[in-house]
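> This is the structure I want to talk about, given as structure tokens.
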Amino acid sequence: MTVVNFPGGKRADEKKRKGVPDEKDEHERHDVTLDELRKLATKWKRRRWEHTKKMALVLRQVLNGESFAVKGERDEVIFRLGVLLAEELPSAKPESISRHFATSLKVMDGEAEECPTVEDVTEKISRRQEELREQSKKNKQEPPADGKRQIIVLTPELHDVVERTIAQLAKHPDVFQREAQLVRLVRVAEVEAKRERMAPGTPQIRTIELPTLRVCLTQVARFFKLTKGKNGDEKWIQKVPPDNVVSGVNSHQQWPRVRPVVGIIETPSLRRDGTVIDTPGYDPLTGYIYAPSREYPAIPEEPRKEDARRAFEDLLEPWQDFACALPEGHLVPLAAVLTLIGRPAIRGACPAFLSNKTVAGTGGTLMMSAIGMIAQAREAAVMTWRSNDDDEIEKILGAYAMRGASLIAWDNIEGEFGGAPLNKYLTCADRVDARLLGKSKVPTLPWRGVMIGNGNNFVTSRDTSRRVLVCQMESELEHPEDRTGFALGEGDEFIEWCREHHPRLVVAAITLLRAYLLARDRDPSCAPQLGGWGSFGAWRDLIAGAIFWVSGLDVMETRPVRTGDEDEGTEALRVIIDQWRTFAPDGISASDAVAQLYDYSSIADTTWGTLRQAVGTIAPPERGQARPKAETLGKALARFRRRVMGTSRRSRLDYRKVKGTRIWFVEDVKK
């Protein structure tokens with residue numbers, strides 16, 4: 001490091017105040033580095049160097065060579081001072097700088113011969129200024145690209161930086177959007193799987209947190225900022241995406257060209273047009289991510305009905321050892337497998353698939369595990385059913401919706417299976433307002449989940465009965481767990497058989513569905529004319545239709561409502577409609593109906609006992625009262641108004657107003 005010494009400093013000032021002669025100042029030395037010379041050069045730019053006393057002392061010392069072992073270094077220091085001035089005044093002319101520099105030397109030391117000429121200083125300053133200009137020009141160019149990631153320049157125009165960053169984020173292979181959130185696919189680790197009671201490796205959709213988003217941004221773009229160095233030269237510095245950019249991207253809620261994701265599938269599947277999803281990755285036509293964990297055999301391109309029949313037999317094989325009470329009972333788990341594999345092809349809601357056992361140990365939980373293994377190559381992770389706890393069920397289903405779960409398995413169903421949250425998720429048309437744990441917001445999320453469940457002698461609620469298919473399981477043994485002689489193995493052995501044959505059974509399911517779709521396209525009349533099923537029309541047309549087309553069996557016969565399991569209100573309404581026509585041919589008000597039905601002194605006491613019992617079912621009397629209030633009966637009748645009952649003779653209950661009073665009557669409905 002080159003240094004020069006000059007008299008001065010605090011001690012020199014103190015001596016001067018004490019009257020010490022100036023001659024002794026020459027012996028006081030203070031080391032000055034080139035950094036300090038740079039600061040002094042800045043002062044020259046601001047206040048003209050000849051007016052700075054310290055500058056004069058420095059220059060005099062340099063000229064006399066007092067600070068250097070070799071006097072030849074004197075010119076080098078002078079030139080360095082000139083170069084520093086060139087850096088401080090890059091736009092000034094070299095002749096002006098050198099002339100001012102040389103003039104300053106002459107002012108301080110007279111017409112010293114040792115003073116450098118203007119030409120000497122000009123040449124070196126010109127060369128240095130040219131180097132600085134070339135370096136500045138090079139630095140101001142675009143930052144060097146690596147050929148893979150786009151360069152984003154950080155400027156005060158934050159909206160422009162955020163928009164350009166979002167455009168690059170759309171190129172990330174693992175970033176998607178889902179209902180105003182950036183998400184990605186992750187596979188559950190073993191530790192988390194044990195905590196959340198799910199199978200390790202299960203693919204899930206997770207929200208991208210800010211630290212992870214920052215990493216994703218660096219994978220698709222390089223961020224640079226133009227900064228000034230100590231010498232005043234500008235150069236590009238690569239930066240980590242700053243907080244305001246990351247937060248701006250995350251909270252933007254609209255990400256053009258970032259792919260929207262609906263759900264995850266782990267096996268080949270079908271689109272609604274019958275084409276096969278068999279390429280791993282994102283499928284833009286359905287919005288599903290195909291994330292396989294196994295390899296699968298080739299799927300027939302043009303399967304015929306003969307292929308479908310063989311596939312149907314293959315799909316029935318796993319359920320041969322289960323004791324189902326009805327022949328159609330084996331179709332329930334088969335339909336569940338077809339639904340899970342063909343879910344992308346079904347628009348709208350899917351029913352729940354349940355197994356109801358008369359005694360524990362009949363194999364309901366094993367059936368659920370087998371459904372998961374056959375359809376997804378892993379056992380279904382079960383969740384205990386919470387009876388009469390709608391809030392808890394709502395939060396559980398909200399968590400499943402948030403992670404994009406494809407299979408929800410309810411275990412140990414006891415008492416009543418139903419409730420408003422469950423019914424909402426079962427009949428929603430691909431989207432649901434989810435209530436999430438610990439959050440006040442209610443986001444609208446895609447819902448493509450399929451529910452299965454099992455329990456012992458449970459009942460389905462009135463509204464849930466029309467949303468489920470039930471495999472009624474009965475055993476001839478007092479202790480079904482003691483049974484032996486299974487064709488496909490017992491317990492874990494059977495599950496291992498399902499794991500081994502999983503690829504073959506998946507191909508069989510796709511073959512069956514694809515053969516049916518192709519046949520229906522060639523001849524629409526081959527589609528079976530099944531009964532209606534409200535919200536599940538699309539499921540009926542594909543899954544129930546394919547099963548009936550290949551086997552002649554109707555899986556919808558396993559609905560509880562079809563087996564006589566009606567709620568008391570429906571049974572009471574059937575009695576009321578049947579007898580009201582005779583009881584009040586011209587109609588009657590609710591208050592008059594109560595007065596006549598509960599007049600025990602009249603003939604109504606014995607004639608209308610059945611009708612009175614039905615009325616008491618839908619409008620029970622208050623405690624301690626012998627008859628219901630007319631207002632209570634009126635509200636109950638209004639709940640069933642215009643509901644059609646009967647098959648051969650279809651009738652319904654309705655009212656007309658006479659002077660502001662509702663007159664209730666029964667009318668026939670034209671077919």
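Labeling convention for the structure tokens: chains A, B, ... as they appear, residues from 1 per chain, ligands from 1 in order of appearance.
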Name all residues at most 12 Å from Val276 of chain A (count only C-alpha atoms; drop same-chain ones fewer than 5 positions away) and give them as an MDAnalysis selection string.
chainID A and resid 267:271 283 285:286 290 298:302 341:342 344:345 507 509:511 513:515 517
> Keeping only N, CA and C atoms, take the residues you just selected and write them out as a PDB file, in the first residue's frame.

ATOM      1  N   THR A 267     -53.504 -43.402 -10.810  1.00  0.00           N
ATOM      2  CA  THR A 267     -53.616 -44.481 -11.785  1.00  0.00           C
ATOM      3  C   THR A 267     -54.080 -43.895 -13.114  1.00  0.00           C
ATOM      4  N   PRO A 268     -53.905 -44.607 -14.212  1.00  0.00           N
ATOM      5  CA  PRO A 268     -54.511 -44.140 -15.460  1.00  0.00           C
ATOM      6  C   PRO A 268     -56.008 -43.945 -15.274  1.00  0.00           C
ATOM      7  N   SER A 269     -56.576 -43.002 -16.007  1.00  0.00           N
ATOM      8  CA  SER A 269     -57.997 -42.702 -15.857  1.00  0.00           C
ATOM      9  C   SER A 269     -58.578 -42.302 -17.202  1.00  0.00           C
ATOM     10  N   LEU A 270     -59.833 -41.869 -17.177  1.00  0.00           N
ATOM     11  CA  LEU A 270     -60.545 -41.488 -18.391  1.00  0.00           C
ATOM     12  C   LEU A 270     -60.955 -40.031 -18.346  1.00  0.00           C
ATOM     13  N   ARG A 271     -60.937 -39.402 -19.504  1.00  0.00           N
ATOM     14  CA  ARG A 271     -61.548 -38.087 -19.652  1.00  0.00           C
ATOM     15  C   ARG A 271     -63.017 -38.275 -20.019  1.00  0.00           C
ATOM     16  N   ASP A 283     -52.549 -32.816 -16.635  1.00  0.00           N
ATOM     17  CA  ASP A 283     -53.416 -33.019 -17.789  1.00  0.00           C
ATOM     18  C   ASP A 283     -54.260 -31.756 -17.980  1.00  0.00           C
ATOM     19  N   LEU A 285     -56.595 -30.947 -20.010  1.00  0.00           N
ATOM     20  CA  LEU A 285     -58.002 -31.102 -20.380  1.00  0.00           C
ATOM     21  C   LEU A 285     -58.888 -31.342 -19.163  1.00  0.00           C
ATOM     22  N   THR A 286     -58.366 -31.948 -18.132  1.00  0.00           N
ATOM     23  CA  THR A 286     -59.159 -32.239 -16.940  1.00  0.00           C
ATOM     24  C   THR A 286     -58.727 -31.438 -15.717  1.00  0.00           C
ATOM     25  N   TYR A 290     -51.547 -36.378 -12.826  1.00  0.00           N
ATOM     26  CA  TYR A 290     -51.364 -37.832 -12.809  1.00  0.00           C
ATOM     27  C   TYR A 290     -49.998 -38.118 -12.209  1.00  0.00           C
ATOM     28  N   ALA A 298     -50.473 -52.058 -20.938  1.00  0.00           N
ATOM     29  CA  ALA A 298     -51.107 -51.275 -21.993  1.00  0.00           C
ATOM     30  C   ALA A 298     -52.627 -51.415 -21.910  1.00  0.00           C
ATOM     31  N   ILE A 299     -53.326 -50.323 -22.216  1.00  0.00           N
ATOM     32  CA  ILE A 299     -54.790 -50.292 -22.175  1.00  0.00           C
ATOM     33  C   ILE A 299     -55.319 -50.468 -23.598  1.00  0.00           C
ATOM     34  N   PRO A 300     -56.261 -51.393 -23.806  1.00  0.00           N
ATOM     35  CA  PRO A 300     -56.795 -51.605 -25.163  1.00  0.00           C
ATOM     36  C   PRO A 300     -57.367 -50.311 -25.744  1.00  0.00           C
ATOM     37  N   GLU A 301     -57.068 -50.047 -26.998  1.00  0.00           N
ATOM     38  CA  GLU A 301     -57.546 -48.829 -27.641  1.00  0.00           C
ATOM     39  C   GLU A 301     -59.013 -48.931 -28.063  1.00  0.00           C
ATOM     40  N   GLU A 302     -59.431 -50.110 -28.521  1.00  0.00           N
ATOM     41  CA  GLU A 302     -60.802 -50.300 -28.996  1.00  0.00           C
ATOM     42  C   GLU A 302     -61.432 -51.521 -28.316  1.00  0.00           C
ATOM     43  N   ILE A 341     -61.394 -44.637 -10.021  1.00  0.00           N
ATOM     44  CA  ILE A 341     -60.528 -44.657 -11.204  1.00  0.00           C
ATOM     45  C   ILE A 341     -61.085 -43.766 -12.306  1.00  0.00           C
ATOM     46  N   GLY A 342     -62.400 -43.709 -12.433  1.00  0.00           N
ATOM     47  CA  GLY A 342     -63.008 -42.907 -13.487  1.00  0.00           C
ATOM     48  C   GLY A 342     -63.478 -41.542 -13.052  1.00  0.00           C
ATOM     49  N   PRO A 344     -62.259 -38.428 -13.001  1.00  0.00           N
ATOM     50  CA  PRO A 344     -62.151 -37.268 -13.903  1.00  0.00           C
ATOM     51  C   PRO A 344     -63.222 -37.230 -14.989  1.00  0.00           C
ATOM     52  N   ALA A 345     -63.801 -38.381 -15.312  1.00  0.00           N
ATOM     53  CA  ALA A 345     -64.815 -38.431 -16.376  1.00  0.00           C
ATOM     54  C   ALA A 345     -66.215 -38.141 -15.856  1.00  0.00           C
ATOM     55  N   VAL A 507     -56.412 -51.645 -15.092  1.00  0.00           N
ATOM     56  CA  VAL A 507     -56.620 -51.748 -16.542  1.00  0.00           C
ATOM     57  C   VAL A 507     -57.989 -52.349 -16.837  1.00  0.00           C
ATOM     58  N   ALA A 509     -60.700 -51.983 -15.009  1.00  0.00           N
ATOM     59  CA  ALA A 509     -61.699 -50.941 -14.762  1.00  0.00           C
ATOM     60  C   ALA A 509     -61.773 -49.965 -15.935  1.00  0.00           C
ATOM     61  N   ILE A 510     -60.606 -49.542 -16.440  1.00  0.00           N
ATOM     62  CA  ILE A 510     -60.601 -48.603 -17.565  1.00  0.00           C
ATOM     63  C   ILE A 510     -61.146 -49.283 -18.822  1.00  0.00           C
ATOM     64  N   THR A 511     -60.826 -50.558 -18.999  1.00  0.00           N
ATOM     65  CA  THR A 511     -61.343 -51.290 -20.166  1.00  0.00           C
ATOM     66  C   THR A 511     -62.859 -51.352 -20.140  1.00  0.00           C
ATOM     67  N   LEU A 513     -65.041 -49.293 -18.548  1.00  0.00           N
ATOM     68  CA  LEU A 513     -65.646 -47.976 -18.762  1.00  0.00           C
ATOM     69  C   LEU A 513     -65.448 -47.492 -20.197  1.00  0.00           C
ATOM     70  N   ARG A 514     -64.261 -47.722 -20.734  1.00  0.00           N
ATOM     71  CA  ARG A 514     -63.994 -47.250 -22.100  1.00  0.00           C
ATOM     72  C   ARG A 514     -64.821 -48.029 -23.119  1.00  0.00           C
ATOM     73  N   ALA A 515     -64.964 -49.334 -22.917  1.00  0.00           N
ATOM     74  CA  ALA A 515     -65.778 -50.132 -23.838  1.00  0.00           C
ATOM     75  C   ALA A 515     -67.222 -49.650 -23.830  1.00  0.00           C
ATOM     76  N   LEU A 517     -68.309 -46.562 -23.059  1.00  0.00           N
ATOM     77  CA  LEU A 517     -68.393 -45.255 -23.698  1.00  0.00           C
ATOM     78  C   LEU A 517     -68.319 -45.366 -25.220  1.00  0.00           C
TER      79      LEU A 517
END
> May I have all residues of segment 454-646 of chain A that DSSP, computed from the backbone, assigns to strand (DSSP E or B), given as number ranges by chain?
A: 454-456, 459-460, 468-473, 588, 645
> I need the chosen residues saved as a PDB file, in the first residue's frame, with N, CA, C and O atoms.

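Result file is again.pdb:
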ATOM      1  N   ASN A 454     -67.744 -47.835   6.786  1.00  0.00           N
ATOM      2  CA  ASN A 454     -68.288 -49.087   7.307  1.00  0.00           C
ATOM      3  C   ASN A 454     -68.635 -48.917   8.770  1.00  0.00           C
ATOM      4  O   ASN A 454     -68.095 -48.057   9.471  1.00  0.00           O
ATOM      5  N   GLY A 455     -69.574 -49.727   9.231  1.00  0.00           N
ATOM      6  CA  GLY A 455     -69.981 -49.696  10.627  1.00  0.00           C
ATOM      7  C   GLY A 455     -70.873 -50.881  10.948  1.00  0.00           C
ATOM      8  O   GLY A 455     -71.138 -51.742  10.095  1.00  0.00           O
ATOM      9  N   ASN A 456     -71.315 -50.931  12.185  1.00  0.00           N
ATOM     10  CA  ASN A 456     -72.139 -52.035  12.662  1.00  0.00           C
ATOM     11  C   ASN A 456     -73.560 -51.537  12.955  1.00  0.00           C
ATOM     12  O   ASN A 456     -73.768 -50.715  13.853  1.00  0.00           O
ATOM     13  N   VAL A 459     -77.661 -46.556  11.036  1.00  0.00           N
ATOM     14  CA  VAL A 459     -78.764 -46.127  10.186  1.00  0.00           C
ATOM     15  C   VAL A 459     -78.336 -44.849   9.487  1.00  0.00           C
ATOM     16  O   VAL A 459     -77.509 -44.084  10.000  1.00  0.00           O
ATOM     17  N   THR A 460     -78.898 -44.620   8.324  1.00  0.00           N
ATOM     18  CA  THR A 460     -78.627 -43.382   7.603  1.00  0.00           C
ATOM     19  C   THR A 460     -79.776 -42.411   7.851  1.00  0.00           C
ATOM     20  O   THR A 460     -80.934 -42.808   7.929  1.00  0.00           O
ATOM     21  N   VAL A 468     -76.450 -42.446  -0.669  1.00  0.00           N
ATOM     22  CA  VAL A 468     -75.489 -43.526  -0.401  1.00  0.00           C
ATOM     23  C   VAL A 468     -75.937 -44.825  -1.047  1.00  0.00           C
ATOM     24  O   VAL A 468     -77.118 -45.028  -1.350  1.00  0.00           O
ATOM     25  N   LEU A 469     -74.959 -45.698  -1.255  1.00  0.00           N
ATOM     26  CA  LEU A 469     -75.180 -47.098  -1.612  1.00  0.00           C
ATOM     27  C   LEU A 469     -74.644 -47.938  -0.468  1.00  0.00           C
ATOM     28  O   LEU A 469     -73.554 -47.661   0.047  1.00  0.00           O
ATOM     29  N   VAL A 470     -75.402 -48.965  -0.066  1.00  0.00           N
ATOM     30  CA  VAL A 470     -75.037 -49.748   1.115  1.00  0.00           C
ATOM     31  C   VAL A 470     -74.916 -51.224   0.750  1.00  0.00           C
ATOM     32  O   VAL A 470     -75.845 -51.805   0.178  1.00  0.00           O
ATOM     33  N   CYS A 471     -73.765 -51.779   1.091  1.00  0.00           N
ATOM     34  CA  CYS A 471     -73.569 -53.224   0.992  1.00  0.00           C
ATOM     35  C   CYS A 471     -73.899 -53.823   2.358  1.00  0.00           C
ATOM     36  O   CYS A 471     -73.136 -53.642   3.321  1.00  0.00           O
ATOM     37  N   GLN A 472     -75.034 -54.485   2.452  1.00  0.00           N
ATOM     38  CA  GLN A 472     -75.443 -55.083   3.722  1.00  0.00           C
ATOM     39  C   GLN A 472     -74.710 -56.405   3.892  1.00  0.00           C
ATOM     40  O   GLN A 472     -74.846 -57.322   3.082  1.00  0.00           O
ATOM     41  N   MET A 473     -73.896 -56.511   4.958  1.00  0.00           N
ATOM     42  CA  MET A 473     -73.069 -57.698   5.179  1.00  0.00           C
ATOM     43  C   MET A 473     -73.628 -58.498   6.357  1.00  0.00           C
ATOM     44  O   MET A 473     -73.865 -57.938   7.438  1.00  0.00           O
ATOM     45  N   ILE A 588    -109.565 -28.869   4.100  1.00  0.00           N
ATOM     46  CA  ILE A 588    -109.838 -28.472   5.473  1.00  0.00           C
ATOM     47  C   ILE A 588    -108.652 -27.684   5.993  1.00  0.00           C
ATOM     48  O   ILE A 588    -107.502 -27.897   5.578  1.00  0.00           O
ATOM     49  N   MET A 645     -96.260 -38.549  -3.907  1.00  0.00           N
ATOM     50  CA  MET A 645     -96.143 -39.888  -3.336  1.00  0.00           C
ATOM     51  C   MET A 645     -96.918 -40.862  -4.211  1.00  0.00           C
ATOM     52  O   MET A 645     -97.904 -40.500  -4.867  1.00  0.00           O
TER      53      MET A 645
END
> What is the atom CA of Ser293 of chain A-atom CA of Glu266 of chain A distance in Å, reported with one decimal?
6.7 Å
> Within 8 Å of segment 172-174 of chain A, counting only C-alpha atoms, which residues qualify if same-chain residues fewer than 3 places away don't, as a PDB file with all heavy atoms, in the first residue's frame?

ATOM      1  N   GLN A 168     -42.950 -15.606 -15.332  1.00  0.00           N
ATOM      2  CA  GLN A 168     -41.915 -16.641 -15.262  1.00  0.00           C
ATOM      3  C   GLN A 168     -42.326 -17.785 -14.337  1.00  0.00           C
ATOM      4  O   GLN A 168     -41.976 -18.935 -14.578  1.00  0.00           O
ATOM      5  CB  GLN A 168     -40.591 -16.025 -14.773  1.00  0.00           C
ATOM      6  CG  GLN A 168     -40.027 -14.977 -15.706  1.00  0.00           C
ATOM      7  CD  GLN A 168     -39.888 -15.491 -17.129  1.00  0.00           C
ATOM      8  OE1 GLN A 168     -39.366 -16.577 -17.375  1.00  0.00           O
ATOM      9  NE2 GLN A 168     -40.380 -14.701 -18.079  1.00  0.00           N
ATOM     10  N   LEU A 169     -43.106 -17.458 -13.291  1.00  0.00           N
ATOM     11  CA  LEU A 169     -43.552 -18.502 -12.364  1.00  0.00           C
ATOM     12  C   LEU A 169     -44.422 -19.527 -13.077  1.00  0.00           C
ATOM     13  O   LEU A 169     -44.446 -20.700 -12.706  1.00  0.00           O
ATOM     14  CB  LEU A 169     -44.310 -17.864 -11.201  1.00  0.00           C
ATOM     15  CG  LEU A 169     -44.771 -18.813 -10.087  1.00  0.00           C
ATOM     16  CD1 LEU A 169     -43.573 -19.448  -9.398  1.00  0.00           C
ATOM     17  CD2 LEU A 169     -45.628 -18.067  -9.079  1.00  0.00           C
ATOM     18  N   ARG A 184     -48.721 -26.726  -4.643  1.00  0.00           N
ATOM     19  CA  ARG A 184     -47.825 -27.685  -5.269  1.00  0.00           C
ATOM     20  C   ARG A 184     -48.180 -29.079  -4.782  1.00  0.00           C
ATOM     21  O   ARG A 184     -48.926 -29.239  -3.802  1.00  0.00           O
ATOM     22  CB  ARG A 184     -46.363 -27.373  -4.936  1.00  0.00           C
ATOM     23  CG  ARG A 184     -46.033 -27.478  -3.449  1.00  0.00           C
ATOM     24  CD  ARG A 184     -44.636 -27.001  -3.147  1.00  0.00           C
ATOM     25  NE  ARG A 184     -44.333 -27.085  -1.727  1.00  0.00           N
ATOM     26  CZ  ARG A 184     -43.385 -27.856  -1.202  1.00  0.00           C
ATOM     27  NH1 ARG A 184     -42.630 -28.599  -1.988  1.00  0.00           N
ATOM     28  NH2 ARG A 184     -43.170 -27.877   0.102  1.00  0.00           N
ATOM     29  N   LEU A 185     -47.672 -30.071  -5.458  1.00  0.00           N
ATOM     30  CA  LEU A 185     -47.925 -31.457  -5.080  1.00  0.00           C
ATOM     31  C   LEU A 185     -46.778 -31.953  -4.206  1.00  0.00           C
ATOM     32  O   LEU A 185     -45.604 -31.774  -4.550  1.00  0.00           O
ATOM     33  CB  LEU A 185     -48.060 -32.333  -6.329  1.00  0.00           C
ATOM     34  CG  LEU A 185     -48.382 -33.814  -6.110  1.00  0.00           C
ATOM     35  CD1 LEU A 185     -49.286 -34.335  -7.228  1.00  0.00           C
ATOM     36  CD2 LEU A 185     -47.103 -34.659  -6.082  1.00  0.00           C
ATOM     37  N   CYS A 216     -38.861 -21.247  -5.325  1.00  0.00           N
ATOM     38  CA  CYS A 216     -39.429 -21.529  -6.653  1.00  0.00           C
ATOM     39  C   CYS A 216     -39.115 -20.404  -7.637  1.00  0.00           C
ATOM     40  O   CYS A 216     -38.837 -20.661  -8.815  1.00  0.00           O
ATOM     41  CB  CYS A 216     -40.943 -21.735  -6.546  1.00  0.00           C
ATOM     42  SG  CYS A 216     -41.432 -23.230  -5.648  1.00  0.00           S
ATOM     43  N   GLN A 219     -35.747 -20.588  -9.133  1.00  0.00           N
ATOM     44  CA  GLN A 219     -35.586 -21.686 -10.072  1.00  0.00           C
ATOM     45  C   GLN A 219     -36.025 -21.330 -11.484  1.00  0.00           C
ATOM     46  O   GLN A 219     -35.676 -22.029 -12.436  1.00  0.00           O
ATOM     47  CB  GLN A 219     -36.364 -22.912  -9.578  1.00  0.00           C
ATOM     48  CG  GLN A 219     -35.794 -23.513  -8.298  1.00  0.00           C
ATOM     49  CD  GLN A 219     -36.688 -24.595  -7.717  1.00  0.00           C
ATOM     50  OE1 GLN A 219     -37.893 -24.633  -7.971  1.00  0.00           O
ATOM     51  NE2 GLN A 219     -36.094 -25.488  -6.947  1.00  0.00           N
ATOM     52  N   VAL A 220     -36.795 -20.259 -11.630  1.00  0.00           N
ATOM     53  CA  VAL A 220     -37.289 -19.883 -12.959  1.00  0.00           C
ATOM     54  C   VAL A 220     -36.792 -18.507 -13.398  1.00  0.00           C
ATOM     55  O   VAL A 220     -36.999 -18.127 -14.556  1.00  0.00           O
ATOM     56  CB  VAL A 220     -38.835 -19.903 -12.995  1.00  0.00           C
ATOM     57  CG1 VAL A 220     -39.354 -21.307 -12.813  1.00  0.00           C
ATOM     58  CG2 VAL A 220     -39.424 -18.961 -11.949  1.00  0.00           C
TER      59      VAL A 220
END
> Skipping near chain neighbours, those fewer than 5 positions away, what residues fall within 10 Å of segment 545-557 of chain A using only C-alpha atoms, listed as a PyMOL selection string?
chain A and resi 305-313+326-332+334-335+338+468-471+512-517+519-520+526-533+538-540+562-563
> I'd like the neighbourhood of Asn244 of chain A as a VMD selection string, where a residue qualifies if any of its atoms comes within 12 Å (using only C-alpha atoms), though same-chain residues fewer than 2 positions away should be ignored.
chain A and resid 154 to 159 161 to 162 165 210 214 240 to 242 246 to 252
> If you measure from atom CA of Asp411 of chain A to atom CA of Phe494 of chain A, what distance in Å do you get, rounded to one decimal?
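Interatomic distance, atom CA of Asp411 of chain A to atom CA of Phe494 of chain A: 19.2 Å.
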> Nearest residue to Ser535 of chain A out of A:Cys428, A:Ala381, A:Ala180, A:Ala401, using only C-alpha atoms?
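Once distances to Ser535 of chain A are computed over only C-alpha atoms, the minimum belongs to A:Cys428.
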